[in-house]
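**Student:** Here it is, the structure, as C-alpha cells.
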Amino acid sequence: MDLKHQTLELEKIGGKIEEKKKVEQKGLVDLPQPHKGVVLRFAPNPSGPLHIGHARAAVLNSEYVDRYQGKLILRIEDTDPRRVDPPAYQMISEDLNWLGVEYQETFIQSDRIPLYYDYAEKLINKGAAYMCNCPGGEFKKLKDNSIPCPCRELSVDENLLKWGQMETMAEGEAVLRIKTDIAHKNPAIRDWVAMRVVEEEHPRTGKRYRIYPMMNFSVAVDDHLMGITHVLRGKDHLANSEKQKYLYDHMGWELPAFIHYGRLKMDDVALSTSQARQGIAEGMYSGWDDPRLGTIRAIARRGINSQSIKELMQEIGVKISDSIISWKKIYGLNRNILEEKSNRYFFVGDAQEVHIKNVPEEVLRVVERPLHPDFLKRGYRKIPFTGKVYLNPDDLEQDQVLRLMDAVNVKVENGKVDYHSHTFDEARALKAQIVQWVPSDSNISTEVVMPDASIIKGWSEPDCDKLTVGEVVQMERFGFARLDEIIDDKLIFYYAHP
RNA sequence: GCUCCGGUAGUGUAGUCCGGCCAAUCAUUUCGGCCUUUCGAGCCGAAGACUCGGGUUCGAAUCCCGGCCGGAGCACCA
C-alpha cells in the first residue's frame, strides 16, 4: 500500500496525520539559543597575518553578529611570548578590514595578565587548582594511569604560598593545574595546566611578567568576562572545550554554546604560518602576499574579492566534517563578481611581432572596442591598427585564418602572415579563430605575475595607461588580473584566474 | 596505541535531530549547444552522489549494530 492509500485508509478509521514542523533553512544554520543578545569573538594568535582558515572564523562570526544584531569582539591572544610576531597585531586588523569584518571591541590578552592572576588565586582558594612541581614526563606517566600526583593533595595555604613564590621560580619548575577528573576517560582532559613560567621577553609587555596563562585558562576567563554567548572554533579545540568546561563548573559560570567546525584544506596551499615565515626569510617567497601563499593579503593581491571569500565561507558553514576547498571554486565565485565589474583589454603574452603583408591602406584605422560588451555606456577603448601587431605564438602555431578582433582577417602560413580579408562575416564563414592583438608600435610593456609566481612578459594595449593600481581587468582570452604596480612605464599585474 | 568525531556527484553544500513530499537541493566543475566578433568570457542545456554489510520498519540518505575509509586531540602552542 503506498502512502496515499494509507493516508486515505487512516482517515477512514478516524486517524490524524501529524503535521511536519520542519522549517526550510537557507544559508547558515541558526545559532542555538540566540535569545539573549549574541556576543561573539574572533580570537587569533598574533603570529602572522590572517590566512584563509582565519577567514572562516572571522566571516562566520561576523555573519552571525549581523543576523542577530549582536556584538563582535576582536581578542588577540598573545599569552605565549615566543609565538608573537609584533607586526601581526597590525596585519590582523588590516586583514579583517579587507574582509569587511567589523568588530565593536578589541582586547589584547597581554594587557590582562593581572586579571588572570586574580582568577588563578580564586581557583586555588576554591581548592580547584593546585601548584604542581612534577616534571612534565613524570606527571604524564602518573596521569596516563589515572594516578594523582602528590601535589594534588596540597592544602590551599600551601598552594597559595607556592603560587606567591612562582614569580621567582625558573621556567619549568612549577605550573598551576586545574583539577578536572584524574580518571577522565580521555587522558588529555586530566588536570590541565593553567599557568606556567616563561622567561622570554614579551614584545608588548617586556619583562613585566614571568607567569603567563595557558590558552585554555585565559580563553575561558575572557569568554566569561566578556559575556561571550557562542564560541565558534575549529574541531581541533574539541578537547579544549571540554577542559574549559571544568573551569566554568569550578567557578559556577554559565557555559557558552560551543560550536566546532571541521578543518579547511586548500588544494596546493597547505602552508602553515610558520612554514610561510621561513620561506619568506629564506627568500623563497616575496613576502606575506606572495601569490603562492594562502594568506588573506595574497588572495587580495591577486584580485580575489572579499565577497567571494565571504560567499565561500557561508556556503561551507559550521559543519564539523572537514572540507577541501579548491581554487576553482573560489575562481568560479569570484568570476561571477568580476565578470560584471571588470573592463576588457587586450594583452598578449610571450608576444611575437608580426608585420602583416599586403594590408590595404583603407583598413588601417583606429579600432574601437567596448570596455565591457554588456555595458556599452562605460565607453570604448581605442587601438590603432597599422598592420604591425603582437600576437600570441600559440595562435600562430598552425596554418589557418585568424580574425584579429575588430580589425582584419589574416592568413597564417608557415609562420608568415598575410592579409586575407576585412569583414567579420568572412571570418565567420571560414570559422576563423578570433584573437586579441596589440599594436607593436603603440603599446605598454606589461608583466603578469601568475599564481605560481612565474612571470609572463608581454604587451598590453595603449589605453591601459588609464588604469589605476588596484583595478581588476579582464584581459580578453587570457583571464582576470589586478593591476598591482606601475613602474615607470611598465604595468605589473597579478593574475587572478581565467 | 588511547579518547573523540565524521563519511551525500570531481569539489563545496541542502536534506539526517523529528523515517514517507528525496528516482535527493543549490553552487562550482566537466561536457555539449548558442553568440554580427573574448572556442580561456557570456548565455542555454546536459552529466554526475546517499561509504559498505546487516538489522528495525509497510517504507531508511535519515533510526540501530558492525566493517571500511577519513579527521582531530593525546604539550608548560593557540
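In the C-alpha cells, each chain is lettered A, B, ... as it comes, each chain's residues begin at 1, and ligands are numbered from 1 in order of appearance.
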Any idea what's packed within 7 Å of stretch 18-30 of chain B, counting only C-alpha atoms (C1' of nucleotides), ignoring anything in its chain fewer than 3 positions away? Could you give it as a PDB file with N, CA, C and O atoms (P, O5', C5', C4', C3', O3' and C1' of nucleotides), in the first residue's frame?

**Tutor:**
ATOM      1  N   LEU A   3       1.716   5.453   0.175  1.00  0.00           N
ATOM      2  CA  LEU A   3       1.395   6.439   1.198  1.00  0.00           C
ATOM      3  C   LEU A   3       0.005   7.037   1.028  1.00  0.00           C
ATOM      4  O   LEU A   3      -0.746   7.212   1.991  1.00  0.00           O
ATOM      5  N   LYS A 329      36.834  26.578  -7.144  1.00  0.00           N
ATOM      6  CA  LYS A 329      35.595  27.030  -6.517  1.00  0.00           C
ATOM      7  C   LYS A 329      35.646  28.538  -6.263  1.00  0.00           C
ATOM      8  O   LYS A 329      34.704  29.264  -6.560  1.00  0.00           O
ATOM      9  N   GLY A 332      35.426  30.442  -9.489  1.00  0.00           N
ATOM     10  CA  GLY A 332      34.070  30.481 -10.017  1.00  0.00           C
ATOM     11  C   GLY A 332      33.232  31.553  -9.348  1.00  0.00           C
ATOM     12  O   GLY A 332      32.534  32.317 -10.001  1.00  0.00           O
TER      13      GLY A 332
ATOM     14  P     G B  10      32.129  11.753  -8.080  1.00  0.00           P
ATOM     15  O5'   G B  10      33.299  12.797  -8.360  1.00  0.00           O
ATOM     16  C5'   G B  10      34.632  12.364  -8.266  1.00  0.00           C
ATOM     17  C4'   G B  10      35.512  13.584  -8.227  1.00  0.00           C
ATOM     18  C3'   G B  10      35.196  14.535  -7.079  1.00  0.00           C
ATOM     19  O3'   G B  10      35.862  14.147  -5.898  1.00  0.00           O
ATOM     20  C1'   G B  10      35.326  15.752  -9.098  1.00  0.00           C
ATOM     21  P     A B  14      25.151  21.890   4.775  1.00  0.00           P
ATOM     22  O5'   A B  14      23.750  21.735   4.039  1.00  0.00           O
ATOM     23  C5'   A B  14      23.038  22.899   3.666  1.00  0.00           C
ATOM     24  C4'   A B  14      21.740  22.545   3.003  1.00  0.00           C
ATOM     25  C3'   A B  14      20.910  21.471   3.692  1.00  0.00           C
ATOM     26  O3'   A B  14      20.228  22.009   4.810  1.00  0.00           O
ATOM     27  C1'   A B  14      20.842  21.202   1.342  1.00  0.00           C
ATOM     28  P     G B  59       9.225  -2.921   4.927  1.00  0.00           P
ATOM     29  O5'   G B  59       9.373  -1.401   4.456  1.00  0.00           O
ATOM     30  C5'   G B  59       9.375  -1.111   3.051  1.00  0.00           C
ATOM     31  C4'   G B  59       9.432   0.370   2.845  1.00  0.00           C
ATOM     32  C3'   G B  59      10.643   1.078   3.459  1.00  0.00           C
ATOM     33  O3'   G B  59      11.756   0.994   2.580  1.00  0.00           O
ATOM     34  C1'   G B  59       8.680   2.275   3.979  1.00  0.00           C
ATOM     35  P     A B  60      13.228   0.959   3.238  1.00  0.00           P
ATOM     36  O5'   A B  60      13.388   2.420   3.861  1.00  0.00           O
ATOM     37  C5'   A B  60      13.439   3.585   3.039  1.00  0.00           C
ATOM     38  C4'   A B  60      14.582   4.456   3.497  1.00  0.00           C
ATOM     39  C3'   A B  60      15.949   3.863   3.209  1.00  0.00           C
ATOM     40  O3'   A B  60      16.873   4.906   2.913  1.00  0.00           O
ATOM     41  C1'   A B  60      15.664   4.110   5.537  1.00  0.00           C
ATOM     42  P     U B  62      20.072   5.738   6.218  1.00  0.00           P
ATOM     43  O5'   U B  62      19.558   7.041   6.979  1.00  0.00           O
ATOM     44  C5'   U B  62      20.476   7.907   7.657  1.00  0.00           C
ATOM     45  C4'   U B  62      19.662   9.046   8.205  1.00  0.00           C
ATOM     46  C3'   U B  62      18.732   8.644   9.345  1.00  0.00           C
ATOM     47  O3'   U B  62      18.888   9.539  10.428  1.00  0.00           O
ATOM     48  C1'   U B  62      17.508   9.695   7.605  1.00  0.00           C
TER      49        U B  62
END

**Student:** Would you mind listing what lies within 12 Å of B:G12 as a PyMOL selection string, with only C-alpha atoms (C1' of nucleotides) counted and same-chain residues fewer than 6 positions away left out?

**Tutor:** (chain A and resi 264-266+311-317+319+321-330+332-333) or (chain B and resi 26-29)

**Student:** For the selection you just gave me, I'd like the residues written to a file as an mmCIF file, in the first residue's frame, keeping C-alpha atoms (C1' of nucleotides).

**Tutor:**
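Below you can see selection.cif, which holds the result:
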data_model
loop_
_atom_site.group_PDB
_atom_site.id
_atom_site.type_symbol
_atom_site.label_atom_id
_atom_site.label_comp_id
_atom_site.auth_asym_id
_atom_site.auth_seq_id
_atom_site.Cartn_x
_atom_site.Cartn_y
_atom_site.Cartn_z
ATOM 1 C CA LEU A 264 39.644 23.518 5.992
ATOM 2 C CA LYS A 265 42.171 22.348 3.462
ATOM 3 C CA MET A 266 43.085 24.042 0.279
ATOM 4 C CA GLU A 311 30.253 33.538 -0.011
ATOM 5 C CA LEU A 312 32.563 30.574 0.159
ATOM 6 C CA MET A 313 32.654 30.605 3.948
ATOM 7 C CA GLN A 314 28.906 30.973 4.216
ATOM 8 C CA GLU A 315 28.492 28.018 1.933
ATOM 9 C CA ILE A 316 30.878 25.863 3.903
ATOM 10 C CA GLY A 317 29.277 26.957 7.138
ATOM 11 C CA LYS A 319 29.903 21.685 9.607
ATOM 12 C CA SER A 321 33.307 17.387 8.920
ATOM 13 C CA ASP A 322 36.381 18.551 7.051
ATOM 14 C CA SER A 323 36.242 20.381 3.755
ATOM 15 C CA ILE A 324 38.702 20.569 0.940
ATOM 16 C CA ILE A 325 38.197 23.732 -0.985
ATOM 17 C CA SER A 326 39.626 24.211 -4.425
ATOM 18 C CA TRP A 327 40.876 27.325 -6.071
ATOM 19 C CA LYS A 328 38.473 26.520 -8.887
ATOM 20 C CA LYS A 329 35.595 27.030 -6.517
ATOM 21 C CA ILE A 330 36.917 30.398 -5.440
ATOM 22 C CA GLY A 332 34.070 30.481 -10.017
ATOM 23 C CA LEU A 333 32.569 32.606 -7.277
ATOM 24 C "C1'" C B 26 21.945 24.690 -4.951
ATOM 25 C "C1'" A B 27 26.813 26.275 -6.449
ATOM 26 C "C1'" U B 28 31.254 25.132 -8.667
ATOM 27 C "C1'" U B 29 33.329 21.644 -12.123
#

**Student:** Counting only C-alpha atoms (C1' of nucleotides), which residues of chain B sit at most 9 Å from some atom of chain A, and what is each one's closest atom pair with its distance in Å to one decimal, listed by chain and rising residue number, as a Markdown table?

**Tutor:**
| residue | atom | partner | partner_atom | distance |
| --- | --- | --- | --- | --- |
| B:C2 | C1' | A:Asn186 | CA | 7.9 |
| B:U3 | C1' | A:Asn186 | CA | 4.7 |
| B:C4 | C1' | A:Ala239 | CA | 8.1 |
| B:C5 | C1' | A:Ile320 | CA | 8.1 |
| B:G6 | C1' | A:Ser321 | CA | 5.3 |
| B:G7 | C1' | A:Ser321 | CA | 8.3 |
| B:U11 | C1' | A:Ser326 | CA | 6.7 |
| B:G12 | C1' | A:Ile316 | CA | 6.6 |
| B:U13 | C1' | A:Glu315 | CA | 6.3 |
| B:A14 | C1' | A:Lys26 | CA | 8.3 |
| B:C18 | C1' | A:Lys21 | CA | 8.0 |
| B:G20 | C1' | A:Leu3 | CA | 6.8 |
| B:A27 | C1' | A:Leu333 | CA | 8.6 |
| B:U28 | C1' | A:Lys329 | CA | 5.2 |
| B:U29 | C1' | A:Lys328 | CA | 7.8 |
| B:U36 | C1' | A:Phe424 | CA | 7.2 |
| B:U37 | C1' | A:Met405 | CA | 6.2 |
| B:U38 | C1' | A:Glu476 | CA | 5.0 |
| B:C39 | C1' | A:Gln433 | CA | 7.7 |
| B:G40 | C1' | A:Arg477 | CA | 5.5 |
| B:A41 | C1' | A:Arg477 | CA | 7.3 |
| B:G42 | C1' | A:Glu339 | CA | 8.6 |
| B:C58 | C1' | A:Met1 | CA | 7.1 |
| B:G59 | C1' | A:Asp2 | CA | 8.7 |
| B:G71 | C1' | A:Asp322 | CA | 7.0 |
| B:A72 | C1' | A:Asp236 | CA | 5.3 |
| B:G73 | C1' | A:Ala239 | CA | 6.3 |
| B:C74 | C1' | A:Ala188 | CA | 5.3 |
| B:A75 | C1' | A:Gly136 | CA | 8.8 |
| B:C76 | C1' | A:Arg196 | CA | 5.5 |
| B:C77 | C1' | A:Asp80 | CA | 7.5 |
| B:A78 | C1' | A:Asn45 | CA | 6.0 |

**Student:** Running DSSP on the backbone, which parts of stretch 24-272 of chain A land in strand (DSSP E or B), as a ChimeraX atom specification?

**Tutor:** /A:39-42,51,71-76,105-108,129-132,175-178,193-197,202,206,211-213,230-234,257-261,264-266

**Student:** If you run DSSP over the backbone, which residues in stretch 302-435 of chain A end up alpha helix (DSSP H)? Put them as an NGL selection string.

**Tutor:** :A and (306-316 or 327-341 or 393-396 or 424-429)

**Student:** Atom CA of A:Tyr390 to atom CA of A:Ile304: how many Å, to one decimal?

**Tutor:**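 Separating atom CA of A:Tyr390 from atom CA of A:Ile304 is a distance of 28.8 Å.
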
**Student:** At a cut-off of 12 Å, using only C-alpha atoms (C1' of nucleotides), what residues contact B:A46? Leave out same-chain residues fewer than 5 positions from it and give the result as an MDAnalysis selection string.

**Tutor:** chainID B and resid 30:33

**Student:** Skip B:G53 itself and residues of its chain fewer than 6 positions away, then list as a ChimeraX atom specification all residues within 12 Å of it, counting only C-alpha atoms (C1' of nucleotides).

**Tutor:** /B:65-68

**Student:** Using all heavy atoms, can you export the residues from the last selection as a PDB file, in the first residue's frame?

**Tutor:**
ATOM      1  P     C B  65      24.212   1.842  17.835  1.00  0.00           P
ATOM      2  OP1   C B  65      24.745   1.987  19.205  1.00  0.00           O
ATOM      3  OP2   C B  65      24.542   2.850  16.806  1.00  0.00           O
ATOM      4  O5'   C B  65      24.625   0.407  17.274  1.00  0.00           O
ATOM      5  C5'   C B  65      24.508  -0.748  18.087  1.00  0.00           C
ATOM      6  C4'   C B  65      24.937  -1.961  17.307  1.00  0.00           C
ATOM      7  O4'   C B  65      24.039  -2.153  16.169  1.00  0.00           O
ATOM      8  C3'   C B  65      26.311  -1.863  16.651  1.00  0.00           C
ATOM      9  O3'   C B  65      27.356  -2.151  17.555  1.00  0.00           O
ATOM     10  C2'   C B  65      26.198  -2.929  15.561  1.00  0.00           C
ATOM     11  O2'   C B  65      26.329  -4.242  16.074  1.00  0.00           O
ATOM     12  C1'   C B  65      24.765  -2.714  15.083  1.00  0.00           C
ATOM     13  N1    C B  65      24.692  -1.781  13.936  1.00  0.00           N
ATOM     14  C2    C B  65      24.972  -2.289  12.655  1.00  0.00           C
ATOM     15  O2    C B  65      25.275  -3.486  12.535  1.00  0.00           O
ATOM     16  N3    C B  65      24.914  -1.464  11.584  1.00  0.00           N
ATOM     17  C4    C B  65      24.596  -0.179  11.760  1.00  0.00           C
ATOM     18  N4    C B  65      24.534   0.602  10.681  1.00  0.00           N
ATOM     19  C5    C B  65      24.309   0.366  13.052  1.00  0.00           C
ATOM     20  C6    C B  65      24.372  -0.465  14.104  1.00  0.00           C
ATOM     21  P     G B  66      28.805  -1.508  17.327  1.00  0.00           P
ATOM     22  OP1   G B  66      29.631  -1.852  18.492  1.00  0.00           O
ATOM     23  OP2   G B  66      28.645  -0.092  16.926  1.00  0.00           O
ATOM     24  O5'   G B  66      29.339  -2.309  16.054  1.00  0.00           O
ATOM     25  C5'   G B  66      29.775  -3.661  16.198  1.00  0.00           C
ATOM     26  C4'   G B  66      30.065  -4.250  14.841  1.00  0.00           C
ATOM     27  O4'   G B  66      28.888  -4.114  13.995  1.00  0.00           O
ATOM     28  C3'   G B  66      31.156  -3.562  14.036  1.00  0.00           C
ATOM     29  O3'   G B  66      32.457  -3.931  14.427  1.00  0.00           O
ATOM     30  C2'   G B  66      30.825  -4.067  12.632  1.00  0.00           C
ATOM     31  O2'   G B  66      31.221  -5.403  12.437  1.00  0.00           O
ATOM     32  C1'   G B  66      29.295  -3.980  12.642  1.00  0.00           C
ATOM     33  N9    G B  66      28.860  -2.676  12.128  1.00  0.00           N
ATOM     34  C8    G B  66      28.396  -1.592  12.835  1.00  0.00           C
ATOM     35  N7    G B  66      28.100  -0.566  12.072  1.00  0.00           N
ATOM     36  C5    G B  66      28.400  -1.002  10.787  1.00  0.00           C
ATOM     37  C6    G B  66      28.300  -0.338   9.540  1.00  0.00           C
ATOM     38  O6    G B  66      27.905   0.814   9.314  1.00  0.00           O
ATOM     39  N1    G B  66      28.716  -1.147   8.484  1.00  0.00           N
ATOM     40  C2    G B  66      29.174  -2.436   8.619  1.00  0.00           C
ATOM     41  N2    G B  66      29.528  -3.060   7.491  1.00  0.00           N
ATOM     42  N3    G B  66      29.266  -3.077   9.775  1.00  0.00           N
ATOM     43  C4    G B  66      28.868  -2.306  10.801  1.00  0.00           C
ATOM     44  P     G B  67      33.690  -2.943  14.094  1.00  0.00           P
ATOM     45  OP1   G B  67      34.862  -3.499  14.792  1.00  0.00           O
ATOM     46  OP2   G B  67      33.281  -1.551  14.335  1.00  0.00           O
ATOM     47  O5'   G B  67      33.878  -3.146  12.521  1.00  0.00           O
ATOM     48  C5'   G B  67      34.414  -4.368  12.017  1.00  0.00           C
ATOM     49  C4'   G B  67      34.374  -4.340  10.506  1.00  0.00           C
ATOM     50  O4'   G B  67      33.041  -3.971  10.066  1.00  0.00           O
ATOM     51  C3'   G B  67      35.263  -3.288   9.850  1.00  0.00           C
ATOM     52  O3'   G B  67      36.597  -3.729   9.740  1.00  0.00           O
ATOM     53  C2'   G B  67      34.602  -3.164   8.470  1.00  0.00           C
ATOM     54  O2'   G B  67      34.949  -4.215   7.612  1.00  0.00           O
ATOM     55  C1'   G B  67      33.122  -3.251   8.845  1.00  0.00           C
ATOM     56  N9    G B  67      32.543  -1.916   9.032  1.00  0.00           N
ATOM     57  C8    G B  67      32.131  -1.324  10.208  1.00  0.00           C
ATOM     58  N7    G B  67      31.658  -0.117  10.026  1.00  0.00           N
ATOM     59  C5    G B  67      31.761   0.098   8.654  1.00  0.00           C
ATOM     60  C6    G B  67      31.402   1.221   7.866  1.00  0.00           C
ATOM     61  O6    G B  67      30.900   2.287   8.232  1.00  0.00           O
ATOM     62  N1    G B  67      31.684   1.012   6.517  1.00  0.00           N
ATOM     63  C2    G B  67      32.236  -0.131   6.002  1.00  0.00           C
ATOM     64  N2    G B  67      32.442  -0.143   4.682  1.00  0.00           N
ATOM     65  N3    G B  67      32.567  -1.190   6.726  1.00  0.00           N
ATOM     66  C4    G B  67      32.303  -1.007   8.031  1.00  0.00           C
ATOM     67  P     C B  68      37.796  -2.674   9.762  1.00  0.00           P
ATOM     68  OP1   C B  68      39.072  -3.419   9.670  1.00  0.00           O
ATOM     69  OP2   C B  68      37.563  -1.751  10.892  1.00  0.00           O
ATOM     70  O5'   C B  68      37.588  -1.874   8.404  1.00  0.00           O
ATOM     71  C5'   C B  68      37.805  -2.516   7.150  1.00  0.00           C
ATOM     72  C4'   C B  68      37.445  -1.563   6.020  1.00  0.00           C
ATOM     73  O4'   C B  68      36.032  -1.224   6.132  1.00  0.00           O
ATOM     74  C3'   C B  68      38.149  -0.218   6.085  1.00  0.00           C
ATOM     75  O3'   C B  68      39.439  -0.268   5.501  1.00  0.00           O
ATOM     76  C2'   C B  68      37.197   0.655   5.279  1.00  0.00           C
ATOM     77  O2'   C B  68      37.332   0.451   3.888  1.00  0.00           O
ATOM     78  C1'   C B  68      35.839   0.133   5.734  1.00  0.00           C
ATOM     79  N1    C B  68      35.292   0.894   6.880  1.00  0.00           N
ATOM     80  C2    C B  68      34.707   2.144   6.634  1.00  0.00           C
ATOM     81  O2    C B  68      34.669   2.573   5.473  1.00  0.00           O
ATOM     82  N3    C B  68      34.196   2.841   7.676  1.00  0.00           N
ATOM     83  C4    C B  68      34.252   2.342   8.916  1.00  0.00           C
ATOM     84  N4    C B  68      33.738   3.071   9.900  1.00  0.00           N
ATOM     85  C5    C B  68      34.853   1.084   9.185  1.00  0.00           C
ATOM     86  C6    C B  68      35.357   0.397   8.153  1.00  0.00           C
TER      87        C B  68
END
